[in-house]
Structure formats: structure tokens, C-alpha cells
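First comes the structure, then the notes that go with it.
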Amino acid sequence: MHQMAMELWKEFWIDSDILLRDIRGKEIAKQLTRSIGSISANIEEGYGRGFGRDYLLFLKFSRGSARESKGWYEKSSAFFKPEDLNSRINKLDSIIGQLTKTIKYLEEQNPKKQTGTLATRNP
């Protein structure tokens, strides 16, 4: 899932060139820069914190960013060729599915670790 998120980030560089040609696209490019970048960044940060509840929480953040990115791509359909748009959305659907499967697995393996947030973490 991380590798696919990184591939999507590289593809977004091409997409951002298209979006930046139009004033409406510039705003979408800003949103996609944050949301697409956040997918892999949250996986990386969660992994860096170990495999406890923080990892699970960051995977959920990553999934939220993937869903947000999918929404922005759907909103920007007028800017892209249908085959390119479908490719990005399919990749995001795959990332969302992989994250969901991993989150579910981790919750089943460690039911006690799914509760709490970073703010309530014990030192």
C-alpha cells in the first residue's frame, strides 16, 4: 500500500501541471498536494512509532486522506482524460481497500490497542 501511495504521489506531479493551468485547478492542486502527500506520510509516521495503537491510528489517518484524495479527483474530472482519472481513482480504491483490510486485521489481533488516541497515550 505504501508503494502504491508513492506511485500515486509521482503521478500527481503530472496531474498538478494540468491543474495549475486553471484558477479552479490551482485550488484543487493545493488540496490534492496535502491529501495525497498525507497518505504515504501517515503510513510512514505510524510505522515509525511501532506497531501499537499509534500505528493503527495513523493508518486510519492515511485511509481518510486517500478517501479525501478520491473525492478531489472526482471533483476535478473535467481536467483529466477519463483513462487517467480512472487510473487514479482505481489506485485510490486499492489503497483504501488495503488500508481497511490492514486496519481490520490489526483491530482483530489487538482489540485493546484500538482504543485511545495520541492525546490520551500513556507515557
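In the C-alpha cells, chains take the letters A, B, ... in the order shown, each chain's residues start at 1, and ligands count up from 1 in the order shown.
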
(message) Just want the 9 Å neighbourhood of Phe61 (chain A), counted on only C-alpha atoms, with same-chain residues fewer than 2 positions away dropped. Output as a PyMOL selection string.
(response) chain A and resi 38-39+42-43+56-59+63-66

Quick one: write out the picked residues with N, CA and C atoms as a PDB file, in the first residue's frame?
ATOM      1  N   SER A  38      -0.283  13.105   2.261  1.00  0.00           N
ATOM      2  CA  SER A  38      -0.597  12.617   3.597  1.00  0.00           C
ATOM      3  C   SER A  38      -0.800  11.102   3.637  1.00  0.00           C
ATOM      4  N   ILE A  39      -1.164  10.503   2.523  1.00  0.00           N
ATOM      5  CA  ILE A  39      -1.397   9.051   2.508  1.00  0.00           C
ATOM      6  C   ILE A  39      -0.117   8.317   2.907  1.00  0.00           C
ATOM      7  N   ASN A  42       1.471   9.424   6.503  1.00  0.00           N
ATOM      8  CA  ASN A  42       0.876   8.839   7.707  1.00  0.00           C
ATOM      9  C   ASN A  42       1.248   7.369   7.867  1.00  0.00           C
ATOM     10  N   ILE A  43       1.370   6.645   6.770  1.00  0.00           N
ATOM     11  CA  ILE A  43       1.843   5.264   6.862  1.00  0.00           C
ATOM     12  C   ILE A  43       3.256   5.260   7.433  1.00  0.00           C
ATOM     13  N   LEU A  56      -1.978   1.965  14.207  1.00  0.00           N
ATOM     14  CA  LEU A  56      -3.369   1.798  13.780  1.00  0.00           C
ATOM     15  C   LEU A  56      -4.026   3.155  13.532  1.00  0.00           C
ATOM     16  N   LEU A  57      -3.800   4.093  14.420  1.00  0.00           N
ATOM     17  CA  LEU A  57      -4.380   5.424  14.275  1.00  0.00           C
ATOM     18  C   LEU A  57      -3.870   6.121  13.007  1.00  0.00           C
ATOM     19  N   PHE A  58      -2.580   6.004  12.749  1.00  0.00           N
ATOM     20  CA  PHE A  58      -2.026   6.652  11.560  1.00  0.00           C
ATOM     21  C   PHE A  58      -2.483   5.977  10.276  1.00  0.00           C
ATOM     22  N   LEU A  59      -2.733   4.671  10.328  1.00  0.00           N
ATOM     23  CA  LEU A  59      -3.313   4.010   9.156  1.00  0.00           C
ATOM     24  C   LEU A  59      -4.715   4.543   8.891  1.00  0.00           C
ATOM     25  N   ARG A  63      -6.016   6.380   5.529  1.00  0.00           N
ATOM     26  CA  ARG A  63      -7.227   5.991   4.802  1.00  0.00           C
ATOM     27  C   ARG A  63      -8.130   7.200   4.583  1.00  0.00           C
ATOM     28  N   GLY A  64      -8.247   8.050   5.589  1.00  0.00           N
ATOM     29  CA  GLY A  64      -9.042   9.271   5.436  1.00  0.00           C
ATOM     30  C   GLY A  64      -8.480  10.172   4.350  1.00  0.00           C
ATOM     31  N   SER A  65      -7.166  10.285   4.289  1.00  0.00           N
ATOM     32  CA  SER A  65      -6.529  11.100   3.250  1.00  0.00           C
ATOM     33  C   SER A  65      -6.752  10.494   1.867  1.00  0.00           C
ATOM     34  N   ALA A  66      -6.739   9.171   1.791  1.00  0.00           N
ATOM     35  CA  ALA A  66      -6.997   8.510   0.500  1.00  0.00           C
ATOM     36  C   ALA A  66      -8.433   8.772   0.049  1.00  0.00           C
TER      37      ALA A  66
END

(request) Find the residues around Leu32 (chain A) up to 12 Å (only C-alpha atoms counted), leave out those fewer than 6 positions away in its own chain, and share them as number ranges by chain. (result) A: 8-9, 11-13, 15-16, 19-20, 25-26, 38-39, 65-76, 88

(message) Residues of chain A classed as alpha helix (DSSP H) by DSSP on the backbone are to be reported as a PyMOL selection string.
(response) chain A and resi 2-19+23-48+53-75+82-109

(request) Give me the residues within 12 Å of Gly97 (chain A) as a list in words, counting only C-alpha atoms and dropping any in the same chain fewer than 2 places off. (result)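 Once the adjacent positions are removed, what remains is Met1, Met4, Leu59, Lys60, Ser62, Arg63, Gly64, Ala66, Arg67, Asn90, Lys91, Leu92, Asp93, Ser94, Ile95, Leu99, Thr100, Lys101, Thr102, Ile103 and Lys104 of chain A.
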
So that I have them on file, write out the residues from the current selection with C-alpha atoms, as a short mmCIF file (atom, residue, chain, number, x, y, z; two decimals), in the first residue's frame.
data_model
loop_
_atom_site.label_atom_id
_atom_site.label_comp_id
_atom_site.auth_asym_id
_atom_site.auth_seq_id
_atom_site.Cartn_x
_atom_site.Cartn_y
_atom_site.Cartn_z
CA MET A 1 0.00 0.00 0.00
CA MET A 4 1.19 2.35 -4.38
CA LEU A 59 -3.31 4.01 9.16
CA LYS A 60 -6.79 5.41 9.78
CA SER A 62 -3.94 7.61 5.85
CA ARG A 63 -7.23 5.99 4.80
CA GLY A 64 -9.04 9.27 5.44
CA ALA A 66 -7.00 8.51 0.50
CA ARG A 67 -10.77 8.99 0.64
CA ASN A 90 -8.74 2.80 -9.08
CA LYS A 91 -5.37 3.21 -7.39
CA LEU A 92 -7.00 5.11 -4.53
CA ASP A 93 -9.71 2.45 -4.21
CA SER A 94 -6.99 -0.18 -3.97
CA ILE A 95 -5.11 1.80 -1.31
CA LEU A 99 -5.69 0.05 4.44
CA THR A 100 -9.16 -1.10 5.51
CA LYS A 101 -8.08 -4.74 5.43
CA THR A 102 -4.93 -3.99 7.44
CA ILE A 103 -6.83 -1.88 9.98
CA LYS A 104 -9.43 -4.61 10.44
#

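If you look at CA of Ser35 (chain A) and CA of Gly50 (chain A), they are 23.0 Å away from each other.
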
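Of the residues listed (A:Ile23, A:Lys10, A:Tyr105, A:Lys81), A:Lys10 shows the shortest atom-to-atom separation from Gly37 (chain A); distances use only C-alpha atoms.
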